[in-house]
Each structure stands twice: as structure tokens, then as C-alpha cells.
file model.cif (mmCIF, C-alpha atoms)
data_start
loop_
_atom_site.label_atom_id
_atom_site.label_comp_id
_atom_site.auth_asym_id
_atom_site.auth_seq_id
_atom_site.Cartn_x
_atom_site.Cartn_y
_atom_site.Cartn_z
CA MET E 1 193.34 -126.60 58.88
CA LYS E 2 196.75 -125.59 57.46
CA GLU E 3 198.20 -126.37 54.07
CA SER E 4 200.51 -129.39 54.26
CA GLU E 5 201.99 -132.11 52.11
CA ASN E 6 198.64 -133.91 51.84
CA LEU E 7 196.29 -130.94 52.13
CA ILE E 8 195.91 -128.41 49.33
CA VAL E 9 194.01 -125.25 50.30
CA PHE E 10 192.22 -122.87 47.91
CA ASN E 11 191.22 -119.40 49.11
CA ILE E 12 187.82 -118.49 47.64
CA LYS E 13 187.73 -115.05 45.99
CA GLU E 14 184.06 -114.85 44.97
CA SER E 15 180.68 -115.96 46.31
CA GLY E 16 177.89 -117.97 44.73
CA LEU E 17 179.68 -120.94 43.16
CA THR E 18 179.42 -124.51 44.39
CA ILE E 19 182.54 -126.38 45.52
CA GLU E 20 182.47 -128.41 42.31
CA GLU E 21 182.26 -125.26 40.16
CA VAL E 22 185.12 -123.62 42.05
CA LEU E 23 187.47 -126.58 41.76
CA ARG E 24 186.63 -127.49 38.17
CA GLN E 25 186.18 -124.03 36.63
CA SER E 26 188.51 -121.82 38.68
CA TYR E 27 191.28 -124.33 39.42
CA GLY E 28 191.03 -126.68 36.44
CA ILE E 29 190.61 -129.92 38.39
CA SER E 30 189.53 -132.69 36.01
CA GLY E 31 186.16 -134.40 36.32
CA ARG E 32 187.87 -137.73 36.95
CA LEU E 33 189.96 -136.42 39.84
CA TYR E 34 187.01 -134.47 41.25
CA ARG E 35 184.75 -137.53 41.29
CA ARG E 36 187.43 -139.52 43.09
CA LEU E 37 187.87 -136.80 45.73
CA GLN E 38 184.12 -136.62 46.23
CA LYS E 39 183.64 -140.38 46.48
CA SER E 40 186.39 -140.82 49.06
CA GLN E 41 185.28 -137.77 51.09
CA GLN E 42 188.46 -135.79 50.51
CA LEU E 43 186.72 -132.41 50.07
CA TYR E 44 186.72 -129.87 52.92
CA LEU E 45 185.07 -126.49 53.47
CA ASN E 46 186.65 -124.39 56.21
CA GLY E 47 188.16 -127.51 57.76
CA GLU E 48 185.06 -129.69 57.69
CA ILE E 49 184.22 -132.55 55.32
CA THR E 50 181.66 -131.23 52.84
CA LYS E 51 179.54 -132.11 49.81
CA SER E 52 180.13 -130.93 46.25
CA ASN E 53 176.86 -128.99 45.83
CA VAL E 54 177.47 -126.67 48.80
CA SER E 55 177.84 -123.01 47.80
CA VAL E 56 180.88 -121.04 48.93
CA ARG E 57 181.40 -117.43 49.95
CA LYS E 58 184.30 -115.07 49.46
CA GLY E 59 186.91 -115.74 52.15
CA ASP E 60 186.04 -119.43 52.53
CA LYS E 61 188.76 -122.06 52.31
CA VAL E 62 188.15 -125.14 50.19
CA SER E 63 190.64 -127.97 50.69
CA ILE E 64 191.36 -131.28 49.02
CA HIS E 65 193.12 -134.07 50.84
CA MET E 66 195.66 -136.20 48.98
CA GLU E 67 195.81 -139.63 50.61
CA ASP E 68 199.02 -141.50 51.36
CA GLU E 69 199.89 -144.08 48.70
CA ILE E 70 202.08 -147.14 48.19
CA GLU E 71 204.64 -147.23 45.37
CA THR E 72 205.02 -150.65 43.77
CA SER E 73 208.44 -150.20 42.10
CA ILE E 74 211.27 -152.07 43.82
CA PRO E 75 213.26 -149.54 45.90
CA VAL E 76 216.91 -149.49 44.84
CA ASP E 77 219.60 -147.07 46.01
CA ILE E 78 220.34 -145.31 42.72
CA PRO E 79 221.98 -141.85 42.79
CA LEU E 80 219.58 -138.98 42.12
CA ASP E 81 220.61 -135.43 41.17
CA ILE E 82 217.75 -133.41 42.70
CA ILE E 83 217.23 -129.93 41.24
CA HIS E 84 214.06 -129.04 43.15
CA GLU E 85 211.67 -130.63 45.64
CA ASP E 86 208.50 -129.47 47.39
CA TYR E 87 205.17 -130.94 48.58
CA ASP E 88 204.02 -131.64 45.02
CA LEU E 89 207.05 -132.16 42.81
CA LEU E 90 210.43 -133.85 42.64
CA ILE E 91 212.57 -132.56 39.75
CA LEU E 92 215.73 -134.41 38.76
CA ASN E 93 218.67 -133.93 36.43
CA LYS E 94 218.64 -137.44 34.94
CA GLN E 95 222.01 -139.03 34.22
CA PRO E 96 222.49 -140.59 30.76
CA ASN E 97 222.22 -144.31 30.01
CA ILE E 98 219.55 -145.16 32.55
CA VAL E 99 215.94 -146.13 31.87
CA VAL E 100 213.21 -143.99 33.44
CA HIS E 101 210.49 -146.58 34.08
CA PRO E 102 210.73 -150.36 34.72
CA THR E 103 210.40 -152.63 31.66
CA LYS E 104 210.82 -156.37 31.11
CA SER E 105 214.56 -155.93 30.62
CA HIS E 106 214.99 -153.21 33.27
CA GLN E 107 213.02 -154.05 36.41
CA ASP E 108 215.22 -152.75 39.21
CA ASP E 109 217.80 -150.42 37.64
CA THR E 110 215.62 -147.48 36.62
CA ILE E 111 214.99 -143.94 37.83
CA ALA E 112 211.63 -145.16 39.19
CA ASN E 113 213.48 -147.63 41.44
CA GLY E 114 215.77 -144.86 42.64
CA VAL E 115 212.87 -142.51 43.40
CA ALA E 116 210.98 -145.33 45.17
CA TYR E 117 214.05 -145.80 47.40
CA TYR E 118 214.33 -142.05 48.02
CA PHE E 119 210.61 -141.82 48.92
CA SER E 120 210.87 -144.80 51.28
CA LYS E 121 214.02 -143.48 52.96
CA ASN E 122 212.43 -140.06 53.54
CA ASN E 123 208.97 -141.33 54.58
CA ILE E 124 207.31 -139.86 51.50
CA ASN E 125 204.23 -142.05 51.11
CA LYS E 126 203.53 -141.29 47.46
CA LYS E 127 203.48 -143.03 44.09
CA VAL E 128 206.08 -142.15 41.47
CA ARG E 129 204.25 -140.24 38.73
CA PHE E 130 206.44 -139.16 35.80
CA ILE E 131 205.18 -136.03 34.09
CA ASN E 132 207.70 -136.18 31.24
CA ARG E 133 209.80 -139.06 29.93
CA LEU E 134 213.34 -139.13 28.61
CA ASP E 135 214.90 -141.87 26.48
CA MET E 136 217.54 -144.06 28.12
CA GLY E 137 220.38 -142.19 26.39
CA THR E 138 218.96 -138.70 26.94
CA SER E 139 219.99 -136.74 30.03
CA GLY E 140 218.38 -133.77 31.75
CA ILE E 141 215.28 -132.52 33.50
CA LEU E 142 212.80 -135.16 34.64
CA VAL E 143 209.67 -134.04 36.49
CA ILE E 144 207.87 -136.30 38.97
CA ALA E 145 204.53 -135.49 40.60
CA LYS E 146 203.99 -136.58 44.19
CA ASN E 147 200.19 -136.56 43.98
CA SER E 148 197.40 -136.87 41.43
CA PHE E 149 196.53 -133.16 41.68
CA ALA E 150 200.03 -132.03 40.63
CA HIS E 151 200.16 -134.68 37.91
CA GLN E 152 196.80 -133.65 36.47
CA GLN E 153 197.57 -129.92 36.64
CA ILE E 154 200.91 -130.09 34.83
CA SER E 155 199.63 -132.62 32.29
CA LYS E 156 196.86 -130.09 31.54
CA GLN E 157 199.49 -127.37 31.04
CA MET E 158 201.26 -129.64 28.55
CA GLU E 159 198.02 -130.13 26.60
CA GLU E 160 197.43 -126.36 26.57
CA GLY E 161 200.97 -125.54 25.43
CA ILE E 162 201.91 -123.68 28.63
CA ILE E 163 204.94 -125.87 29.34
CA GLU E 164 208.23 -124.84 27.72
CA LYS E 165 210.72 -127.68 27.13
CA LYS E 166 214.14 -126.95 25.67
CA TYR E 167 217.03 -129.27 24.84
CA LEU E 168 220.66 -129.08 23.81
CA ALA E 169 221.62 -131.34 20.89
CA ILE E 170 224.92 -131.89 19.09
CA VAL E 171 224.19 -132.99 15.54
CA ASP E 172 226.22 -134.17 12.57
CA GLY E 173 227.05 -131.64 9.89
CA ILE E 174 226.94 -127.86 9.68
CA VAL E 175 223.34 -126.63 10.04
CA GLU E 176 222.98 -123.74 7.59
CA LYS E 177 219.84 -122.01 8.86
CA ASP E 178 220.33 -120.06 12.10
CA GLU E 179 216.88 -121.20 13.18
CA ASP E 180 213.97 -123.14 11.74
CA ILE E 181 210.73 -124.96 12.53
CA ILE E 182 210.21 -128.60 11.55
CA ASP E 183 206.47 -129.29 11.29
CA LEU E 184 206.25 -132.89 10.07
CA PRO E 185 204.06 -135.75 11.39
CA ILE E 186 205.77 -138.72 13.05
CA GLY E 187 204.55 -142.31 13.07
CA LYS E 188 205.63 -145.82 13.98
CA LYS E 189 207.09 -148.22 11.44
CA GLU E 190 205.06 -151.46 11.41
CA GLU E 191 208.06 -153.62 10.53
CA GLU E 192 210.28 -151.97 13.16
CA PRO E 193 208.16 -151.02 16.24
CA MET E 194 211.11 -149.34 18.01
CA ILE E 195 211.74 -146.98 15.09
CA ARG E 196 209.76 -143.81 14.37
CA SER E 197 209.86 -141.81 11.15
CA VAL E 198 208.26 -138.88 9.36
CA MET E 199 205.13 -140.16 7.62
CA GLU E 200 201.96 -138.59 6.20
CA ASN E 201 199.57 -140.49 8.47
CA GLY E 202 201.63 -139.87 11.63
CA GLN E 203 200.82 -137.64 14.58
CA GLU E 204 201.46 -133.91 14.48
CA ALA E 205 205.00 -133.06 15.61
CA ILE E 206 206.53 -129.59 15.81
CA THR E 207 210.21 -129.00 16.61
CA LYS E 208 211.96 -125.62 16.68
CA TYR E 209 215.72 -125.25 16.66
CA ARG E 210 218.29 -122.49 16.92
CA VAL E 211 222.02 -122.73 16.18
CA ILE E 212 224.16 -122.00 19.22
CA LYS E 213 227.55 -122.89 17.72
CA ARG E 214 228.90 -124.36 14.51
CA LEU E 215 231.80 -126.76 15.06
CA ASN E 216 234.07 -128.93 12.92
CA LYS E 217 231.51 -130.96 10.91
CA ALA E 218 228.95 -130.66 13.71
CA THR E 219 226.53 -128.12 15.22
CA LEU E 220 225.33 -127.39 18.75
CA LEU E 221 221.60 -126.62 18.74
CA GLU E 222 219.02 -125.39 21.20
CA VAL E 223 215.84 -127.34 20.44
CA GLU E 224 212.31 -126.67 21.65
CA ILE E 225 209.43 -129.10 21.17
CA GLU E 226 205.78 -128.07 21.04
CA THR E 227 204.58 -131.68 20.91
CA GLY E 228 205.88 -134.73 22.74
CA ARG E 229 206.13 -137.56 20.24
CA THR E 230 208.39 -140.55 20.93
CA HIS E 231 211.94 -139.83 19.67
CA GLN E 232 210.65 -136.55 18.18
CA ILE E 233 213.91 -134.56 18.14
CA ARG E 234 215.92 -137.58 17.05
CA VAL E 235 213.54 -138.34 14.16
CA HIS E 236 213.18 -134.74 12.98
CA MET E 237 216.92 -134.03 13.03
CA LYS E 238 217.62 -137.20 11.06
CA HIS E 239 214.94 -136.26 8.53
CA VAL E 240 216.54 -132.86 7.82
CA GLY E 241 219.96 -134.48 7.37
CA HIS E 242 221.48 -133.67 10.76
CA PRO E 243 221.08 -136.73 13.02
CA ILE E 244 222.21 -136.48 16.62
CA ILE E 245 225.78 -137.65 17.20
CA GLY E 246 225.95 -141.04 18.95
CA ASP E 247 222.30 -141.93 18.24
CA HIS E 248 222.40 -145.67 17.61
CA LEU E 249 218.82 -145.79 16.25
CA TYR E 250 218.80 -142.82 13.90
CA ASN E 251 222.49 -142.32 13.20
CA GLU E 252 225.43 -144.53 14.21
CA THR E 253 227.37 -145.09 17.40
CA SER E 254 230.27 -142.72 18.04
CA GLU E 255 233.73 -143.21 19.51
CA LEU E 256 233.43 -139.73 21.03
CA ILE E 257 230.32 -140.29 23.18
CA ASN E 258 228.53 -143.47 24.31
CA ARG E 259 224.95 -142.23 23.80
CA GLN E 260 222.96 -139.70 21.77
CA ALA E 261 224.19 -136.16 22.49
CA LEU E 262 220.80 -134.87 23.69
CA HIS E 263 220.13 -133.10 26.98
CA ALA E 264 216.86 -131.64 28.36
CA TYR E 265 218.19 -128.45 29.94
CA LYS E 266 215.13 -126.25 30.54
CA PHE E 267 211.58 -126.87 31.80
CA SER E 268 209.24 -123.93 32.50
CA PHE E 269 205.77 -124.33 34.02
CA LEU E 270 203.22 -122.87 36.43
CA HIS E 271 203.44 -124.44 39.86
CA PRO E 272 200.29 -126.55 40.39
CA ARG E 273 199.72 -125.39 43.96
CA THR E 274 200.73 -121.71 43.82
CA GLY E 275 200.34 -120.79 40.14
CA GLU E 276 203.81 -119.22 40.27
CA LYS E 277 205.92 -119.48 37.12
CA LYS E 278 208.89 -121.80 37.65
CA GLU E 279 211.91 -122.28 35.41
CA MET E 280 214.14 -125.29 36.02
CA MET E 281 217.59 -125.54 34.46
CA ALA E 282 220.05 -128.45 34.21
CA LYS E 283 223.56 -127.69 32.98
CA MET E 284 225.10 -129.66 30.14
CA PRO E 285 226.63 -132.95 31.37
CA ARG E 286 230.35 -133.64 31.26
CA ASP E 287 230.22 -136.13 28.37
CA MET E 288 228.59 -133.57 26.07
CA GLU E 289 231.06 -130.88 27.15
CA ASP E 290 233.87 -133.31 26.35
CA LEU E 291 232.30 -133.99 22.96
CA LEU E 292 232.24 -130.28 22.15
CA GLU E 293 235.92 -129.99 23.09
CA LYS E 294 236.83 -132.95 20.87
CA LEU E 295 234.89 -131.45 17.96
#
call {"tool": "encode", "arguments": {"input": "model.cif", "output": "C-alpha cells"}}
result
Amino acid sequence: MKESENLIVFNIKESGLTIEEVLRQSYGISGRLYRRLQKSQQLYLNGEITKSNVSVRKGDKVSIHMEDEIETSIPVDIPLDIIHEDYDLLILNKQPNIVVHPTKSHQDDTIANGVAYYFSKNNINKKVRFINRLDMGTSGILVIAKNSFAHQQISKQMEEGIIEKKYLAIVDGIVEKDEDIIDLPIGKKEEEPMIRSVMENGQEAITKYRVIKRLNKATLLEVEIETGRTHQIRVHMKHVGHPIIGDHLYNETSELINRQALHAYKFSFLHPRTGEKKEMMAKMPRDMEDLLEKL
């Protein structure tokens, strides 16, 4: 039984553990996913369907089978800039001014619709599982899992702080410190549910930044986030007096760019199937390059 799109194979390196212990302890599979695999008989030992309490020996092959799925988003032919694709992941360089996931006001003009179309066209029978999210006006790296195993594994890496996410931001004003850490909790305003702000009873939020270039009344920053709060970079930069140029929620609209000048340019992680370290890069989009030239 060979590794394939739907079959993930683990080579056992020690004897004495049960299949459940191997998958949960050695490979970090969650209890929820494991129970689902067990219930639907998607566990294999050396090519044969097996039970979870069977012990394994060094050299055995334990496999999990990821079933075909049906995506419910409406497929729409929307251009996708694909950076990387394999059995488990689809990684895009998201264009600005497009919503990631369908909402009441955006039901068929989102990245999810575009990916649903791409999956259908290429006979990829998988659901669209977004691992990270980007605001409508933010461009850059968007990671999509093709199965529940990949989704669970990379989500776990996010919780453990293994994932590295870096952004490029062009902010108002000259940032004086060459680098700094903003460690301030962020919460939701009751009177304005769309707006987030720094508040004592908010959730922990940590943002690091480094000055790349100081411009005429503006600064280009490299920003890294250790937490993933809604609008985190936008809120933190506003709070320290350097809101992102073009940010209509936390600054003001700009004649120089028609969205917030924020781009997710780097995403580093361990591949869920191989454990290999991967580093994805997405170059700065044209509208932000133009903005730098104008400034």
C-alpha cells in the first residue's frame, strides 16, 4: 500500500506501542481526529484494516486513509496565484481586495469560491480548509489544507508557536525605534463589533516589528506576529501612533493606495506529512511597490 493523496503512511521506528499510542504520541494526531479515523475504519497496519489497540513492531507501516469530500462553496473561476501545492496543502499569494471566506455580503466572489472551482476542475475531492486568514484588504500568503490531518497538524504548530508569520507594512510617520515588541491585549468594542482595540481585558497579543526603510513621513516595516488576533497588526500599529497607510478602519483612506498597505510575505512551518521545514515567500505586490515609489 503506497503513500498517495488519500493515504498517509507512517514508518514505525520502535516496537511495543499500540497504533493509538503511535499516532497520538509520536505523530501528534488529536484525539478527535483519531476517534473519527477509528470509527470509520480508516486505520491500516501493513496494508490491512486494523484496530487501535493492536501493538506495532519496528519496521511496520501504519497508514491513515483520508476520505474524499464534497466542498459546499459555490465554484467560481477566480484567478489564483499558486505558490506551492502537494497532496496536503495549497498555498496561495492572495490578491488584495478580495474576501477569503463566503459571508452574507460575499457569497460567490471569495477565495473559497476560487479554490472550490480549482478543486473541481482538477478532480481534487477535498474541502477547502483555511489554516490562516487574511483581511479583505491584506495580500499575501494564504495556506489551505486539503485534509483534516494537515489542518490539525499545522493548527497544532500554530498553538505551539512553531509557525513563523511575517508581514510587510507601510505605516504613517517615521518609526524611531529600529525594532520593538508590542505586547498589549486586544479586545472587541461592544458598541462597534467590527473594531478591535487595545484593552486590559482583551486577549494576549504580541507583535514584533523591525524597520526596513524610513521614507518621507512613512516607514516600511517587517512585522512578525506571535499571536493571531483579529486585526492584530492594524490595531497595534495604530496604538503606537503609526497606523497602516490606507487602513479605512484604523487610519483613513489614501489617494496613494486603495487598501491597507499590509502584505503577508513569509510563512514557515513543518510539513505535516514529512516533517520537513518549509519556508514560503510571496513578493511585495505592485500596489505597495508603487506606494513606496510615491513616498
call {"tool": "residues_around", "arguments": {"input": "model.cif", "residues": "Phe267 (chain E)", "least_positions_apart": "3", "cutoff": "9 Å", "atoms": "all atoms listed in the file", "output": "list in words"}}
result
Ile141, Leu142, Val143, Ile163, Glu164, Lys165, Lys166, Ala264, Lys278, Glu279, Met280, Met281 and Ala282 of chain E
call {"tool": "closest_residue", "arguments": {"input": "model.cif", "among": "E:Leu295, E:Leu262, E:Met194, E:Leu90", "to": "Arg214 (chain E)", "atoms": "all atoms listed in the file"}}
result
E:Leu295
call {"tool": "resolve_selection", "arguments": {"input": "model.cif", "expression": "the PyMOL selection byres ((chain E and resi 129) around 8)", "output": "MDAnalysis selection string"}}
result
chainID E and resid 127:128 130:131 144:147 151
call {"tool": "write_last_selection", "arguments": {"input": "model.cif", "atoms": "C-alpha atoms", "output": "compact mmCIF listing (two decimals), in the coordinates of the input"}}
result
# COMPACT_ATOMS: atom_id res chain seq x y z
CA LYS E 127 203.48 -143.03 44.09
CA VAL E 128 206.08 -142.15 41.47
CA PHE E 130 206.44 -139.16 35.80
CA ILE E 131 205.18 -136.03 34.09
CA ILE E 144 207.87 -136.30 38.97
CA ALA E 145 204.53 -135.49 40.60
CA LYS E 146 203.99 -136.58 44.19
CA ASN E 147 200.19 -136.56 43.98
CA HIS E 151 200.16 -134.68 37.91
call {"tool": "resolve_selection", "arguments": {"input": "model.cif", "expression": "the PyMOL selection byres ((chain E and resi 38) around 10)", "output": "PDB file with C-alpha atoms, in the coordinates of the input"}}
result
ATOM      1  CA  GLU E  20     182.470-128.410  42.310  1.00  0.00           C
ATOM      2  CA  LEU E  33     189.960-136.420  39.840  1.00  0.00           C
ATOM      3  CA  TYR E  34     187.010-134.470  41.250  1.00  0.00           C
ATOM      4  CA  ARG E  35     184.750-137.530  41.290  1.00  0.00           C
ATOM      5  CA  ARG E  36     187.430-139.520  43.090  1.00  0.00           C
ATOM      6  CA  LEU E  37     187.870-136.800  45.730  1.00  0.00           C
ATOM      7  CA  LYS E  39     183.640-140.380  46.480  1.00  0.00           C
ATOM      8  CA  SER E  40     186.390-140.820  49.060  1.00  0.00           C
ATOM      9  CA  GLN E  41     185.280-137.770  51.090  1.00  0.00           C
ATOM     10  CA  GLN E  42     188.460-135.790  50.510  1.00  0.00           C
ATOM     11  CA  LEU E  43     186.720-132.410  50.070  1.00  0.00           C
ATOM     12  CA  TYR E  44     186.720-129.870  52.920  1.00  0.00           C
ATOM     13  CA  ILE E  49     184.220-132.550  55.320  1.00  0.00           C
ATOM     14  CA  THR E  50     181.660-131.230  52.840  1.00  0.00           C
ATOM     15  CA  LYS E  51     179.540-132.110  49.810  1.00  0.00           C
ATOM     16  CA  SER E  52     180.130-130.930  46.250  1.00  0.00           C
ATOM     17  CA  ILE E  64     191.360-131.280  49.020  1.00  0.00           C
TER      18      ILE E  64
END
call {"tool": "residues_around", "arguments": {"input": "model.cif", "residues": "Phe10 (chain E)", "least_positions_apart": "4", "cutoff": "8 Å", "atoms": "only C-alpha atoms", "output": "ChimeraX atom specification"}}
result
/E:61-63
call {"tool": "write_last_selection", "arguments": {"input": "model.cif", "atoms": "C-alpha atoms", "output": "PDB file, keeping the file's coordinate frame"}}
result
ATOM      1  CA  LYS E  61     188.760-122.060  52.310  1.00  0.00           C
ATOM      2  CA  VAL E  62     188.150-125.140  50.190  1.00  0.00           C
ATOM      3  CA  SER E  63     190.640-127.970  50.690  1.00  0.00           C
TER       4      SER E  63
END
call {"tool": "resolve_selection", "arguments": {"input": "model.cif", "expression": "the PyMOL selection byres ((chain E and resi 117) around 6)", "output": "PyMOL selection string"}}
result
chain E and resi 75-77+114-116+118-120
call {"tool": "residues_around", "arguments": {"input": "model.cif", "residues": "Lys217 (chain E)", "least_positions_apart": "5", "cutoff": "12 Å", "atoms": "all atoms listed in the file", "output": "ChimeraX atom specification"}}
result
/E:170-176,242,245,292,294-295
call {"tool": "axis_aligned_box", "arguments": {"input": "model.cif", "around": "region 260-276 of chain E", "padding_each_side": "3 Å", "output": "AutoDock Vina command-line options"}}
result
--center_x 212.0 --center_y -129.5 --center_z 32.9 --size_x 30.5 --size_y 26.5 --size_z 28.2
call {"tool": "residues_around", "arguments": {"input": "model.cif", "residues": "Val211 (chain E)", "least_positions_apart": "4", "cutoff": "7 Å", "atoms": "only C-alpha atoms", "output": "list in words"}}
result
Asp178, Glu179, Leu220, Leu221 and Glu222 of chain E
call {"tool": "build_atoms", "arguments": {"input": "model.cif", "residues": "region 138-168 of chain E", "atoms": "N, CA and C atoms", "output": "PDB file, in the coordinates of the input"}}
result
ATOM      1  N   THR E 138     219.130-140.149  26.806  1.00  0.00           N
ATOM      2  CA  THR E 138     218.960-138.700  26.940  1.00  0.00           C
ATOM      3  C   THR E 138     219.092-138.304  28.412  1.00  0.00           C
ATOM      4  N   SER E 139     219.818-137.238  28.654  1.00  0.00           N
ATOM      5  CA  SER E 139     219.990-136.740  30.030  1.00  0.00           C
ATOM      6  C   SER E 139     219.122-135.495  30.218  1.00  0.00           C
ATOM      7  N   GLY E 140     219.030-135.052  31.490  1.00  0.00           N
ATOM      8  CA  GLY E 140     218.380-133.770  31.750  1.00  0.00           C
ATOM      9  C   GLY E 140     217.172-133.815  32.657  1.00  0.00           C
ATOM     10  N   ILE E 141     216.351-132.777  32.546  1.00  0.00           N
ATOM     11  CA  ILE E 141     215.280-132.520  33.500  1.00  0.00           C
ATOM     12  C   ILE E 141     214.156-133.546  33.387  1.00  0.00           C
ATOM     13  N   LEU E 142     213.863-134.166  34.529  1.00  0.00           N
ATOM     14  CA  LEU E 142     212.800-135.160  34.640  1.00  0.00           C
ATOM     15  C   LEU E 142     211.905-134.736  35.795  1.00  0.00           C
ATOM     16  N   VAL E 143     210.618-134.574  35.499  1.00  0.00           N
ATOM     17  CA  VAL E 143     209.670-134.040  36.490  1.00  0.00           C
ATOM     18  C   VAL E 143     208.760-135.147  36.998  1.00  0.00           C
ATOM     19  N   ILE E 144     208.679-135.258  38.322  1.00  0.00           N
ATOM     20  CA  ILE E 144     207.870-136.300  38.970  1.00  0.00           C
ATOM     21  C   ILE E 144     206.852-135.627  39.885  1.00  0.00           C
ATOM     22  N   ALA E 145     205.581-136.003  39.721  1.00  0.00           N
ATOM     23  CA  ALA E 145     204.530-135.490  40.600  1.00  0.00           C
ATOM     24  C   ALA E 145     204.377-136.396  41.804  1.00  0.00           C
ATOM     25  N   LYS E 146     204.157-135.794  42.962  1.00  0.00           N
ATOM     26  CA  LYS E 146     203.990-136.580  44.190  1.00  0.00           C
ATOM     27  C   LYS E 146     202.526-136.873  44.504  1.00  0.00           C
ATOM     28  N   ASN E 147     201.619-136.281  43.753  1.00  0.00           N
ATOM     29  CA  ASN E 147     200.190-136.560  43.980  1.00  0.00           C
ATOM     30  C   ASN E 147     199.431-136.386  42.676  1.00  0.00           C
ATOM     31  N   SER E 148     198.197-136.892  42.657  1.00  0.00           N
ATOM     32  CA  SER E 148     197.400-136.870  41.430  1.00  0.00           C
ATOM     33  C   SER E 148     197.002-135.460  41.026  1.00  0.00           C
ATOM     34  N   PHE E 149     196.869-134.549  41.999  1.00  0.00           N
ATOM     35  CA  PHE E 149     196.530-133.160  41.680  1.00  0.00           C
ATOM     36  C   PHE E 149     197.651-132.514  40.870  1.00  0.00           C
ATOM     37  N   ALA E 150     198.892-132.624  41.344  1.00  0.00           N
ATOM     38  CA  ALA E 150     200.030-132.030  40.630  1.00  0.00           C
ATOM     39  C   ALA E 150     200.202-132.658  39.254  1.00  0.00           C
ATOM     40  N   HIS E 151     200.020-133.977  39.187  1.00  0.00           N
ATOM     41  CA  HIS E 151     200.160-134.680  37.910  1.00  0.00           C
ATOM     42  C   HIS E 151     199.125-134.184  36.909  1.00  0.00           C
ATOM     43  N   GLN E 152     197.875-134.078  37.369  1.00  0.00           N
ATOM     44  CA  GLN E 152     196.800-133.650  36.470  1.00  0.00           C
ATOM     45  C   GLN E 152     196.983-132.199  36.027  1.00  0.00           C
ATOM     46  N   GLN E 153     197.414-131.335  36.953  1.00  0.00           N
ATOM     47  CA  GLN E 153     197.570-129.920  36.640  1.00  0.00           C
ATOM     48  C   GLN E 153     198.670-129.674  35.604  1.00  0.00           C
ATOM     49  N   ILE E 154     199.811-130.331  35.773  1.00  0.00           N
ATOM     50  CA  ILE E 154     200.910-130.090  34.830  1.00  0.00           C
ATOM     51  C   ILE E 154     200.663-130.802  33.504  1.00  0.00           C
ATOM     52  N   SER E 155     200.016-131.954  33.540  1.00  0.00           N
ATOM     53  CA  SER E 155     199.630-132.620  32.290  1.00  0.00           C
ATOM     54  C   SER E 155     198.689-131.714  31.491  1.00  0.00           C
ATOM     55  N   LYS E 156     197.795-131.023  32.186  1.00  0.00           N
ATOM     56  CA  LYS E 156     196.860-130.090  31.540  1.00  0.00           C
ATOM     57  C   LYS E 156     197.633-128.931  30.905  1.00  0.00           C
ATOM     58  N   GLN E 157     198.666-128.443  31.605  1.00  0.00           N
ATOM     59  CA  GLN E 157     199.490-127.370  31.040  1.00  0.00           C
ATOM     60  C   GLN E 157     200.203-127.829  29.772  1.00  0.00           C
ATOM     61  N   MET E 158     200.626-129.093  29.753  1.00  0.00           N
ATOM     62  CA  MET E 158     201.260-129.640  28.550  1.00  0.00           C
ATOM     63  C   MET E 158     200.277-129.642  27.380  1.00  0.00           C
ATOM     64  N   GLU E 159     199.043-130.086  27.644  1.00  0.00           N
ATOM     65  CA  GLU E 159     198.020-130.130  26.600  1.00  0.00           C
ATOM     66  C   GLU E 159     197.706-128.734  26.077  1.00  0.00           C
ATOM     67  N   GLU E 160     197.769-127.742  26.947  1.00  0.00           N
ATOM     68  CA  GLU E 160     197.430-126.360  26.570  1.00  0.00           C
ATOM     69  C   GLU E 160     198.620-125.579  26.026  1.00  0.00           C
ATOM     70  N   GLY E 161     199.794-126.206  25.980  1.00  0.00           N
ATOM     71  CA  GLY E 161     200.970-125.540  25.430  1.00  0.00           C
ATOM     72  C   GLY E 161     201.604-124.522  26.362  1.00  0.00           C
ATOM     73  N   ILE E 162     201.327-124.624  27.659  1.00  0.00           N
ATOM     74  CA  ILE E 162     201.910-123.680  28.630  1.00  0.00           C
ATOM     75  C   ILE E 162     203.337-124.077  28.984  1.00  0.00           C
ATOM     76  N   ILE E 163     203.604-125.368  28.992  1.00  0.00           N
ATOM     77  CA  ILE E 163     204.940-125.870  29.340  1.00  0.00           C
ATOM     78  C   ILE E 163     205.943-125.509  28.249  1.00  0.00           C
ATOM     79  N   GLU E 164     207.134-125.089  28.666  1.00  0.00           N
ATOM     80  CA  GLU E 164     208.230-124.840  27.720  1.00  0.00           C
ATOM     81  C   GLU E 164     209.344-125.851  28.006  1.00  0.00           C
ATOM     82  N   LYS E 165     209.670-126.659  26.984  1.00  0.00           N
ATOM     83  CA  LYS E 165     210.720-127.680  27.130  1.00  0.00           C
ATOM     84  C   LYS E 165     211.810-127.398  26.091  1.00  0.00           C
ATOM     85  N   LYS E 166     213.035-127.219  26.577  1.00  0.00           N
ATOM     86  CA  LYS E 166     214.140-126.950  25.670  1.00  0.00           C
ATOM     87  C   LYS E 166     215.283-127.945  25.905  1.00  0.00           C
ATOM     88  N   TYR E 167     215.959-128.286  24.824  1.00  0.00           N
ATOM     89  CA  TYR E 167     217.030-129.270  24.840  1.00  0.00           C
ATOM     90  C   TYR E 167     218.292-128.697  24.199  1.00  0.00           C
ATOM     91  N   LEU E 168     219.415-129.319  24.518  1.00  0.00           N
ATOM     92  CA  LEU E 168     220.660-129.080  23.810  1.00  0.00           C
ATOM     93  C   LEU E 168     220.981-130.344  23.020  1.00  0.00           C
TER      94      LEU E 168
END
